[in-house]
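For reference, upload.txt is printed below; it contains compact mmCIF, C-alpha atoms.
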# COMPACT_ATOMS: atom_id res chain seq x y z
CA MET A 1 259.34 99.96 113.67
CA GLU A 2 262.98 99.35 114.53
CA GLU A 3 262.40 101.03 117.90
CA VAL A 4 259.59 98.56 118.60
CA ARG A 5 261.82 95.62 117.64
CA ARG A 6 264.64 96.86 119.86
CA ALA A 7 262.31 97.49 122.81
CA LEU A 8 260.89 93.97 122.54
CA GLY A 9 264.16 92.27 121.66
CA ALA A 10 262.74 90.93 118.38
CA ASP A 11 264.36 90.36 114.99
CA GLY A 12 263.42 88.98 111.59
CA ASP A 13 264.08 85.37 112.62
CA GLY A 14 261.77 85.62 115.63
CA LEU A 15 262.55 84.65 119.21
CA SER A 16 264.54 81.61 120.19
CA ALA A 17 262.77 78.79 122.01
CA ALA A 18 264.70 79.58 125.21
CA GLU A 19 263.85 83.29 125.06
CA ALA A 20 260.18 82.51 124.40
CA ALA A 21 260.06 80.18 127.41
CA GLU A 22 261.66 82.84 129.62
CA ARG A 23 259.16 85.48 128.48
CA LEU A 24 256.28 83.08 129.04
CA ARG A 25 257.40 82.69 132.66
CA GLU A 26 257.78 86.46 132.99
CA HIS A 27 254.53 87.60 131.38
CA GLY A 28 252.34 84.56 131.98
CA PRO A 29 250.09 82.77 129.48
CA ASN A 30 248.30 84.74 126.79
CA GLU A 31 244.83 84.25 128.27
CA LEU A 32 241.99 86.40 129.54
CA GLU A 33 241.70 86.03 133.28
CA GLY A 34 238.29 86.18 134.89
CA LYS A 35 236.92 85.96 138.37
CA ARG A 36 236.69 82.47 139.80
CA LYS A 37 233.65 80.80 138.30
CA ARG A 38 230.71 80.91 140.67
CA THR A 39 229.31 77.52 141.62
CA ILE A 40 225.62 76.83 142.04
CA LEU A 41 226.23 76.66 145.80
CA GLY A 42 227.92 80.07 145.74
CA ILE A 43 225.05 81.59 143.77
CA PHE A 44 222.56 79.98 146.17
CA LEU A 45 224.31 81.36 149.28
CA GLY A 46 224.46 84.78 147.63
CA GLN A 47 220.67 84.94 147.69
CA PHE A 48 220.76 85.29 151.51
CA LYS A 49 222.75 88.55 151.65
CA ASP A 50 219.65 90.75 151.53
CA LEU A 51 218.77 92.26 154.93
CA MET A 52 215.09 91.40 154.59
CA ILE A 53 215.98 87.74 153.99
CA LEU A 54 218.22 87.74 157.08
CA VAL A 55 215.39 89.21 159.16
CA LEU A 56 213.07 86.47 157.92
CA LEU A 57 215.61 83.77 158.75
CA ALA A 58 216.04 85.20 162.24
CA ALA A 59 212.27 85.22 162.72
CA ALA A 60 212.05 81.59 161.54
CA VAL A 61 214.79 80.51 163.97
CA VAL A 62 213.13 82.26 166.91
CA ALA A 63 209.70 80.89 165.98
CA GLY A 64 211.11 77.37 165.79
CA ALA A 65 212.94 77.79 169.09
CA VAL A 66 209.74 78.59 170.97
CA GLY A 67 207.79 75.77 169.33
CA ASP A 68 205.88 77.68 166.64
CA LEU A 69 206.85 75.22 163.91
CA SER A 70 204.08 76.17 161.47
CA ASP A 71 205.24 79.80 161.17
CA ALA A 72 208.88 78.71 161.01
CA THR A 73 208.13 76.24 158.20
CA ILE A 74 206.15 78.77 156.17
CA ILE A 75 208.85 81.44 156.48
CA LEU A 76 211.64 79.01 155.52
CA ALA A 77 209.63 77.75 152.53
CA ILE A 78 209.12 81.30 151.27
CA VAL A 79 212.82 82.13 151.70
CA LEU A 80 213.80 78.92 149.88
CA ILE A 81 211.46 79.60 146.96
CA ASN A 82 212.89 83.11 146.67
CA ALA A 83 216.45 81.71 146.62
CA VAL A 84 215.64 79.07 143.99
CA ILE A 85 214.14 81.68 141.66
CA GLY A 86 217.26 83.83 141.99
CA VAL A 87 219.62 80.88 141.43
CA VAL A 88 217.85 79.72 138.27
CA GLN A 89 217.97 83.20 136.72
CA GLU A 90 221.57 84.04 137.66
CA TYR A 91 222.97 80.65 136.68
CA ARG A 92 221.60 81.05 133.17
CA ALA A 93 223.44 84.37 132.78
CA GLU A 94 226.81 83.44 134.36
CA LYS A 95 228.63 82.89 131.00
CA ALA A 96 229.47 86.49 129.92
CA LEU A 97 233.25 86.32 130.40
CA GLU A 98 233.43 82.77 129.03
CA ALA A 99 231.87 84.01 125.78
CA LEU A 100 234.52 86.70 125.55
CA GLN A 101 237.27 84.14 126.14
CA ARG A 102 235.96 81.96 123.30
CA MET A 103 236.74 84.81 120.89
CA ALA A 104 240.48 84.19 121.44
CA ALA A 105 242.43 82.28 118.81
CA PRO A 106 243.18 78.65 119.77
CA HIS A 107 246.43 78.53 117.73
CA ALA A 108 248.91 80.98 116.25
CA HIS A 109 251.55 80.90 113.50
CA VAL A 110 254.77 82.42 114.87
CA ARG A 111 258.32 82.69 113.61
CA ARG A 112 260.79 81.21 116.11
CA ASP A 113 264.37 80.08 115.62
CA GLY A 114 264.14 81.26 112.01
CA ARG A 115 261.23 79.00 111.01
CA LEU A 116 257.44 79.17 111.06
CA GLN A 117 255.76 77.21 113.86
CA ASP A 118 252.16 76.50 114.86
CA ILE A 119 251.76 76.95 118.62
CA ALA A 120 248.91 77.32 121.12
CA ALA A 121 247.76 80.93 121.34
CA ARG A 122 248.25 80.90 125.12
CA GLU A 123 252.02 80.44 124.52
CA VAL A 124 252.42 83.64 122.47
CA VAL A 125 254.69 86.16 124.23
CA PRO A 126 255.68 89.83 123.67
CA GLY A 127 258.30 90.00 120.94
CA ASP A 128 256.96 87.02 118.99
CA THR A 129 256.64 87.49 115.23
CA VAL A 130 253.12 86.40 114.22
CA VAL A 131 252.11 85.53 110.64
CA LEU A 132 248.43 86.05 109.75
CA GLU A 133 246.30 84.90 106.82
CA ALA A 134 242.65 85.34 105.84
CA GLY A 135 240.27 83.64 108.24
CA GLN A 136 242.61 83.67 111.24
CA VAL A 137 241.94 85.30 114.59
CA VAL A 138 244.67 87.60 115.91
CA PRO A 139 246.17 85.89 119.00
CA ALA A 140 247.54 89.03 120.71
CA ASP A 141 247.96 92.77 120.22
CA LEU A 142 250.69 93.33 117.63
CA ARG A 143 252.42 95.96 115.51
CA PHE A 144 252.41 95.11 111.81
CA THR A 145 255.78 94.92 110.06
CA ALA A 146 254.56 93.76 106.64
CA VAL A 147 251.14 93.43 104.99
CA HIS A 148 249.80 92.28 101.62
CA GLY A 149 246.25 93.50 100.98
CA LEU A 150 245.45 92.96 104.66
CA ARG A 151 241.95 93.85 105.88
CA MET A 152 240.67 93.26 109.40
CA GLN A 153 237.23 93.04 111.01
CA GLU A 154 237.50 94.99 114.28
CA ALA A 155 233.85 95.68 115.08
CA ALA A 156 234.16 93.95 118.48
CA LEU A 157 236.54 96.71 119.59
CA THR A 158 235.70 99.76 117.49
CA GLY A 159 232.03 99.30 116.59
CA GLU A 160 232.94 100.02 112.96
CA SER A 161 231.05 97.67 110.64
CA MET A 162 233.40 98.12 107.67
CA ASP A 163 236.63 96.18 107.30
CA THR A 164 239.82 98.10 108.13
CA ALA A 165 242.75 98.20 105.70
CA LYS A 166 246.10 97.79 107.49
CA HIS A 167 249.61 99.02 106.68
CA PRO A 168 252.96 98.89 108.51
CA ASP A 169 253.83 102.60 108.24
CA GLU A 170 254.41 104.78 111.28
CA LEU A 171 251.48 106.99 112.31
CA GLU A 172 251.49 110.58 113.50
CA GLY A 173 249.99 111.33 116.90
CA ASP A 174 250.44 109.81 120.33
CA ASP A 175 246.94 108.86 121.49
CA LEU A 176 244.96 107.80 118.44
CA PRO A 177 241.58 106.02 118.79
CA LEU A 178 241.64 102.25 118.24
CA GLY A 179 239.94 102.57 114.87
CA ASP A 180 242.69 104.89 113.58
CA ARG A 181 245.62 102.68 114.60
CA VAL A 182 245.87 101.05 111.19
CA ASN A 183 249.35 99.66 111.81
CA MET A 184 248.12 97.61 114.78
CA GLY A 185 246.26 94.30 115.10
CA TYR A 186 244.27 93.40 118.21
CA LYS A 187 243.60 90.16 120.02
CA GLY A 188 240.27 88.59 119.05
CA THR A 189 239.85 90.47 115.76
CA VAL A 190 239.62 88.58 112.45
CA VAL A 191 241.61 88.72 109.21
CA VAL A 192 239.07 88.89 106.38
CA LYS A 193 241.48 89.32 103.47
CA GLY A 194 245.17 89.32 102.64
CA ARG A 195 248.24 88.42 104.68
CA GLY A 196 250.26 90.16 107.35
CA GLU A 197 253.14 89.83 109.76
CA GLY A 198 253.67 91.67 113.03
CA VAL A 199 255.50 91.78 116.35
CA VAL A 200 253.48 91.09 119.51
CA VAL A 201 253.42 94.09 121.88
CA ALA A 202 250.89 92.90 124.49
CA THR A 203 249.40 89.59 125.63
CA GLY A 204 246.70 88.37 128.01
CA MET A 205 245.04 90.98 130.21
CA ARG A 206 247.36 93.72 128.87
CA THR A 207 245.66 93.57 125.45
CA GLU A 208 242.70 95.75 124.47
CA MET A 209 240.47 92.69 124.73
CA GLY A 210 241.92 92.11 128.19
CA ARG A 211 240.89 95.61 129.23
CA ILE A 212 237.32 94.76 128.27
CA ALA A 213 237.53 91.54 130.27
CA SER A 214 238.80 93.47 133.31
CA LEU A 215 235.74 95.73 133.10
CA LEU A 216 233.54 92.64 133.38
CA ASP A 217 235.44 91.69 136.56
CA GLN A 218 234.68 94.96 138.31
CA GLY A 219 232.09 94.75 141.04
CA THR A 220 228.63 96.13 140.38
CA GLY A 221 226.82 98.34 142.85
CA ALA A 222 223.35 97.80 144.24
CA THR A 223 220.42 98.68 142.00
CA PRO A 224 217.88 101.32 143.12
CA LEU A 225 215.43 98.52 143.97
CA GLN A 226 218.00 96.75 146.15
CA LYS A 227 218.83 100.00 147.94
CA ARG A 228 215.16 100.70 148.64
CA MET A 229 214.57 97.16 149.87
CA ALA A 230 217.63 97.34 152.14
CA ALA A 231 216.37 100.61 153.63
CA PHE A 232 212.88 99.15 154.04
CA GLY A 233 214.32 96.06 155.75
CA LYS A 234 216.22 98.22 158.24
CA VAL A 235 213.09 100.22 159.07
CA VAL A 236 210.98 97.08 159.52
CA ALA A 237 213.61 95.34 161.65
CA LEU A 238 214.11 98.38 163.87
CA ALA A 239 210.38 99.03 164.25
CA VAL A 240 209.63 95.39 165.11
CA LEU A 241 212.49 95.29 167.61
CA VAL A 242 211.40 98.50 169.35
CA ILE A 243 207.70 97.55 169.52
CA CYS A 244 208.38 94.01 170.76
CA ALA A 245 210.85 95.26 173.36
CA ALA A 246 208.39 97.89 174.53
CA LEU A 247 205.57 95.32 174.75
CA PHE A 248 207.74 92.87 176.67
CA GLY A 249 209.02 95.59 179.02
CA LEU A 250 205.55 96.93 179.72
CA GLY A 251 204.15 93.45 180.43
CA TRP A 252 207.06 92.55 182.68
CA TRP A 253 206.64 95.85 184.59
CA ARG A 254 202.99 94.96 185.16
CA GLY A 255 203.98 91.55 186.53
CA GLY A 256 203.12 89.36 183.55
CA ASP A 257 204.48 85.84 183.01
CA VAL A 258 207.86 86.04 181.28
CA MET A 259 207.29 83.05 178.97
CA THR A 260 203.87 84.32 177.93
CA LEU A 261 205.30 87.78 177.23
CA LEU A 262 208.14 86.25 175.19
CA LEU A 263 205.76 84.17 173.05
CA THR A 264 203.50 87.18 172.53
CA SER A 265 206.43 89.39 171.46
CA ILE A 266 207.75 86.75 169.06
CA SER A 267 204.30 86.19 167.54
CA LEU A 268 203.94 89.93 167.04
CA ALA A 269 207.37 90.09 165.37
CA VAL A 270 206.59 87.22 163.00
CA ALA A 271 203.21 88.72 162.12
CA ALA A 272 204.68 92.18 161.50
CA ILE A 273 207.39 90.99 159.09
CA PRO A 274 206.14 90.83 155.45
CA GLU A 275 207.60 87.39 154.78
CA ALA A 276 205.92 87.04 151.38
CA LEU A 277 207.36 90.30 150.03
CA PRO A 278 210.77 88.96 148.84
CA ALA A 279 209.16 85.98 147.09
CA LEU A 280 206.52 88.18 145.43
CA MET A 281 209.22 90.53 144.17
CA SER A 282 211.35 87.66 142.85
CA VAL A 283 208.41 86.10 141.02
CA SER A 284 207.46 89.46 139.50
CA LEU A 285 211.04 90.16 138.38
CA ALA A 286 211.47 86.61 137.05
CA LEU A 287 208.34 86.97 134.92
CA SER A 288 209.69 90.24 133.56
CA ALA A 289 213.05 88.60 132.83
CA ARG A 290 211.26 85.78 131.02
CA ARG A 291 209.48 88.30 128.80
CA MET A 292 212.85 89.85 127.96
CA VAL A 293 214.32 86.44 127.08
CA LYS A 294 211.60 86.08 124.44
CA GLN A 295 213.00 89.29 122.93
CA GLN A 296 216.57 87.80 122.93
CA ALA A 297 217.67 89.82 125.99
CA LEU A 298 219.25 87.92 128.89
CA VAL A 299 219.07 89.50 132.37
CA ARG A 300 222.08 88.66 134.50
CA ARG A 301 220.65 89.97 137.80
CA LEU A 302 216.94 89.92 138.57
CA ALA A 303 217.03 93.25 140.40
CA ALA A 304 218.30 94.94 137.23
CA VAL A 305 214.92 94.36 135.55
CA GLU A 306 213.31 97.07 137.70
CA THR A 307 216.15 99.46 136.88
CA LEU A 308 215.74 98.87 133.16
CA GLY A 309 212.01 99.46 133.51
CA SER A 310 212.76 102.97 134.81
CA VAL A 311 215.04 103.88 131.90
CA THR A 312 213.78 106.56 129.51
CA VAL A 313 216.83 106.99 127.22
CA ILE A 314 219.50 104.41 126.31
CA CYS A 315 222.78 105.53 124.71
CA THR A 316 224.49 102.49 123.21
CA ASP A 317 226.77 101.34 120.44
CA LYS A 318 224.76 99.85 117.56
CA THR A 319 227.12 97.63 115.58
CA GLY A 320 227.37 94.18 117.10
CA THR A 321 225.09 95.22 119.97
CA LEU A 322 221.70 96.02 118.48
CA THR A 323 222.74 94.57 115.14
CA ARG A 324 224.84 91.49 114.22
CA ASN A 325 227.39 93.41 112.09
CA ARG A 326 226.48 91.17 109.16
CA MET A 327 224.86 91.89 105.81
CA GLN A 328 222.27 89.54 104.38
CA VAL A 329 220.69 89.09 100.96
CA GLU A 330 216.91 89.20 101.38
CA HIS A 331 215.78 88.88 97.77
CA LEU A 332 217.25 88.50 94.28
CA VAL A 333 215.58 90.27 91.36
CA VAL A 334 216.29 88.37 88.11
CA LEU A 335 214.90 89.57 84.78
CA ASP A 336 215.27 86.16 83.18
CA GLU A 337 214.47 83.34 85.62
CA ALA A 338 216.24 80.88 83.34
CA ARG A 339 219.52 82.60 84.22
CA ARG A 340 219.03 82.47 88.01
CA PRO A 341 221.24 79.32 88.38
CA LEU A 342 224.06 81.15 86.56
CA LEU A 343 223.70 84.13 88.91
CA LEU A 344 223.83 81.86 91.97
CA GLN A 345 227.00 80.25 90.59
CA ALA A 346 228.54 83.71 90.21
CA LEU A 347 227.60 84.59 93.80
CA ALA A 348 229.25 81.41 95.06
CA LEU A 349 232.44 81.65 92.97
CA SER A 350 233.31 85.34 92.51
CA ASN A 351 234.57 85.98 96.04
CA ASP A 352 237.47 85.25 98.37
CA VAL A 353 235.35 83.88 101.22
CA LYS A 354 236.85 81.03 103.22
CA ALA A 355 235.21 78.62 105.64
CA GLY A 356 236.40 78.88 109.25
CA PRO A 357 237.06 75.94 111.60
CA ASP A 358 233.41 75.85 112.65
CA GLY A 359 232.10 76.23 109.10
CA GLU A 360 231.37 79.95 109.47
CA ALA A 361 232.06 82.06 106.37
CA ILE A 362 234.99 84.46 106.78
CA GLY A 363 235.62 87.36 104.44
CA GLN A 364 234.44 90.83 103.51
CA GLY A 365 230.88 91.62 104.56
CA THR A 366 229.39 91.97 101.07
CA GLU A 367 231.09 88.83 99.77
CA VAL A 368 229.98 86.80 102.79
CA ALA A 369 226.36 87.91 102.29
CA LEU A 370 226.37 86.84 98.62
CA TYR A 371 228.19 83.58 99.41
CA GLU A 372 225.72 82.73 102.20
CA HIS A 373 222.72 83.41 99.95
CA ALA A 374 224.09 81.08 97.28
CA ARG A 375 224.68 78.40 99.91
CA GLU A 376 221.13 78.80 101.22
CA GLN A 377 219.91 78.21 97.66
CA GLY A 378 221.90 74.98 97.45
CA VAL A 379 224.90 76.24 95.46
CA LEU A 380 228.05 75.31 97.42
CA LYS A 381 231.32 77.04 96.59
CA ALA A 382 233.47 73.93 97.06
CA GLU A 383 231.40 71.89 94.63
CA ALA A 384 231.03 74.72 92.12
CA ALA A 385 234.80 75.37 92.20
CA LYS A 386 235.49 71.74 91.26
CA GLU A 387 233.16 72.03 88.29
CA LEU A 388 234.35 75.52 87.29
CA PRO A 389 237.93 76.03 88.57
CA ARG A 390 239.21 79.61 88.78
CA VAL A 391 241.99 80.44 86.31
CA ALA A 392 242.29 84.22 86.74
CA GLU A 393 240.84 87.14 88.65
CA LEU A 394 240.62 90.92 88.65
CA PRO A 395 240.43 92.15 92.26
CA PHE A 396 238.08 94.89 93.38
CA ASP A 397 239.35 98.42 92.78
CA ALA A 398 237.97 101.93 93.20
CA VAL A 399 237.66 102.49 89.43
CA ARG A 400 235.80 99.33 88.34
CA LYS A 401 234.00 98.97 91.69
CA CYS A 402 233.65 95.22 91.22
CA MET A 403 235.56 91.96 91.39
CA SER A 404 235.81 89.63 88.38
CA THR A 405 236.90 86.01 88.18
CA ILE A 406 237.47 83.78 85.15
CA HIS A 407 236.63 80.07 85.38
CA ARG A 408 237.33 77.14 83.09
CA ARG A 409 234.25 75.26 81.93
CA PRO A 410 234.88 71.55 81.27
CA VAL A 411 234.81 70.61 77.60
Written as structure tokens, that's how I'd like the structure from this file.
Amino acid sequence: MEEVRRALGADGDGLSAAEAAERLREHGPNELEGKRKRTILGIFLGQFKDLMILVLLAAAVVAGAVGDLSDATIILAIVLINAVIGVVQEYRAEKALEALQRMAAPHAHVRRDGRLQDIAAREVVPGDTVVLEAGQVVPADLRFTAVHGLRMQEAALTGESMDTAKHPDELEGDDLPLGDRVNMGYKGTVVVKGRGEGVVVATGMRTEMGRIASLLDQGTGATPLQKRMAAFGKVVALAVLVICAALFGLGWWRGGDVMTLLLTSISLAVAAIPEALPALMSVSLALSARRMVKQQALVRRLAAVETLGSVTVICTDKTGTLTRNRMQVEHLVVLDEARRPLLLQALALSNDVKAGPDGEAIGQGTEVALYEHAREQGVLKAEAAKELPRVAELPFDAVRKCMSTIHRRPV
């Protein structure tokens, strides 16, 4: 631990204000950086990158130039409908990185100039000493220096549904998995119990959460459907060009009128291009995406629907992906219904659950489930605690396998 402190220039009193400001300039703000947010106009223009769409636009321009306004109008209308469908679907799904950013802590308790301060999480720098309590979100990756019954919920990074007990001791091994690094805390994870203190070792995009954000920024390749459509568009464009050129050349060689030959070639080109195909595909994919939305699955790119339809086996993490990483009480079995209110009071009071800033319950999974069930039944912990204040407790241990609390009943 002393090596970490020396490497980061940290001590027990924390950084000075001047040193923190210098490190903030050096390392930048403690934020997840994403690609520039796409505007509706940008998404709209992106719908015209497909080769088939470009061929249709070229055909519409040529048709309009020679006076065939009806064909030009129809082609442009089809292209516009196709673009609108794509824009609506993609705009709905453009919030993935923003959701990840919202997991970051808005504030942090740090020790600077020998005293505890509450600062914006974006101002945390490497070497800062961060103090954590139950219910708080870790503002940056840090190495724990002291803990008191500290347990963390790290499912967002490890996929492990159970809380992780932390300690400040040095670990053996150089490249341990995230779930085994029990002397580390990671940006975006939550303290469910206890207290802890640690030195920040990474901020912003250099954190483990930042690595995930950088994966979202990587470009995605074309789907199989897009590749096939691009190849089909090239074949159609080349075939139409060759046939029209051959027809025009043959007519000109036979002495035909140049304007008549040009109009005939253009009409043939417009007729040969399947202008309704892109719109039909977009409508079909949009309907499939709508069916998936009803199953709580949001499709970010329409073309990906066809790819998913071809999948036979999916290998995926379960916790927090297919499940919510939350336990829930479905039903209480009470032998004596007259004692149900007493049981609900016990569920509400015999726990260390705290309410977060947005009212969400924060604590160990089992305790949160019992607390939430009592709240759903109308028994609120805050009100029950006023009526029956806690005077003592026996924490959970491996021998008793339960937690006990003692409350004072008003005389």
Expressed in Å to a single decimal, how great is the separation between CA of Val55 in chain A and CA of Gly249 in chain A?
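Separation between CA of Val55 in chain A and CA of Gly249 in chain A: 21.8 Å.
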Between A:Val138, A:Ala338, A:Ala165, A:Ala237, smallest distance to Asn30 in chain A by all atoms listed in the file belongs to A:Val138
Best match for closeness to Val299 in chain A among A:Gly86, A:Pro274, A:Gly359, A:Gly127, counting all atoms listed in the file
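Checking each candidate against Val299 in chain A, we get A:Gly86 as the closest.
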To one decimal place in Å, what is the distance between CA of Asp13 in chain A and CA of Glu154 in chain A?
28.3 Å
Distance query 6 Å from (248.6, 84.1, 122.1) using only C-alpha atoms, result as a PyMOL selection string:
chain A and resi 30+121-124+139-140
For range 68-70 of chain A, list every protein, DNA or RNA residue within 9 Å, evaluated using only C-alpha atoms, and leave out those in the same chain fewer than 6 positions away; present the list as a PyMOL selection string.
chain A and resi 60+62+267
Which of these, A:Arg409, A:His107, A:Arg143, A:Arg112, has the shortest distance to Leu171 in chain A once you count all atoms listed in the file?
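Of the candidates, the smallest distance to Leu171 in chain A is held by A:Arg143.
Taking all atoms listed in the file into account, Tyr371 in chain A lies nearest to A:Leu344 out of the set A:Leu263, A:Leu344, A:Ala384, A:Ala269.
Shortest separation to Glu393 in chain A among A:Thr366, A:Ser350, A:Thr145, A:Gln377 occurs at residue A:Ser350, atoms counted being only C-alpha atoms.
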Tell me which residues come within 8 Å of (217.6, 93.0, 140.3), as number ranges by chain, counting only C-alpha atoms in the file's coordinates.
A: 223, 225-226, 285, 301-307
What would the file look like if the residues just selected were written as an mmCIF file, keeping the file's coordinate frame with C-alpha atoms?
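File produced: selection.cif:
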data_model
loop_
_atom_site.group_PDB
_atom_site.id
_atom_site.type_symbol
_atom_site.label_atom_id
_atom_site.label_comp_id
_atom_site.auth_asym_id
_atom_site.auth_seq_id
_atom_site.Cartn_x
_atom_site.Cartn_y
_atom_site.Cartn_z
ATOM 1 C CA THR A 223 220.420 98.680 142.000
ATOM 2 C CA LEU A 225 215.430 98.520 143.970
ATOM 3 C CA GLN A 226 218.000 96.750 146.150
ATOM 4 C CA LEU A 285 211.040 90.160 138.380
ATOM 5 C CA ARG A 301 220.650 89.970 137.800
ATOM 6 C CA LEU A 302 216.940 89.920 138.570
ATOM 7 C CA ALA A 303 217.030 93.250 140.400
ATOM 8 C CA ALA A 304 218.300 94.940 137.230
ATOM 9 C CA VAL A 305 214.920 94.360 135.550
ATOM 10 C CA GLU A 306 213.310 97.070 137.700
ATOM 11 C CA THR A 307 216.150 99.460 136.880
#
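The coordinates place CA of Arg25 in chain A at 28.2 Å from CA of Glu133 in chain A.
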Rank nothing, just name the residue among A:Glu160, A:Asp257, A:Asp50, A:Glu372 nearest to Leu349 in chain A, using only C-alpha atoms.
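Looking at the shortest contact to Leu349 in chain A, the residue is A:Glu372.
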Excluding range 185-192 of chain A and its own-chain neighbours fewer than 2 positions away, which residues fall within 8 Å of it when counting all atoms listed in the file? Please give them as a PyMOL selection string.
chain A and resi 103-105+132-144+150-156+163+182-183+194+207-209+362-364
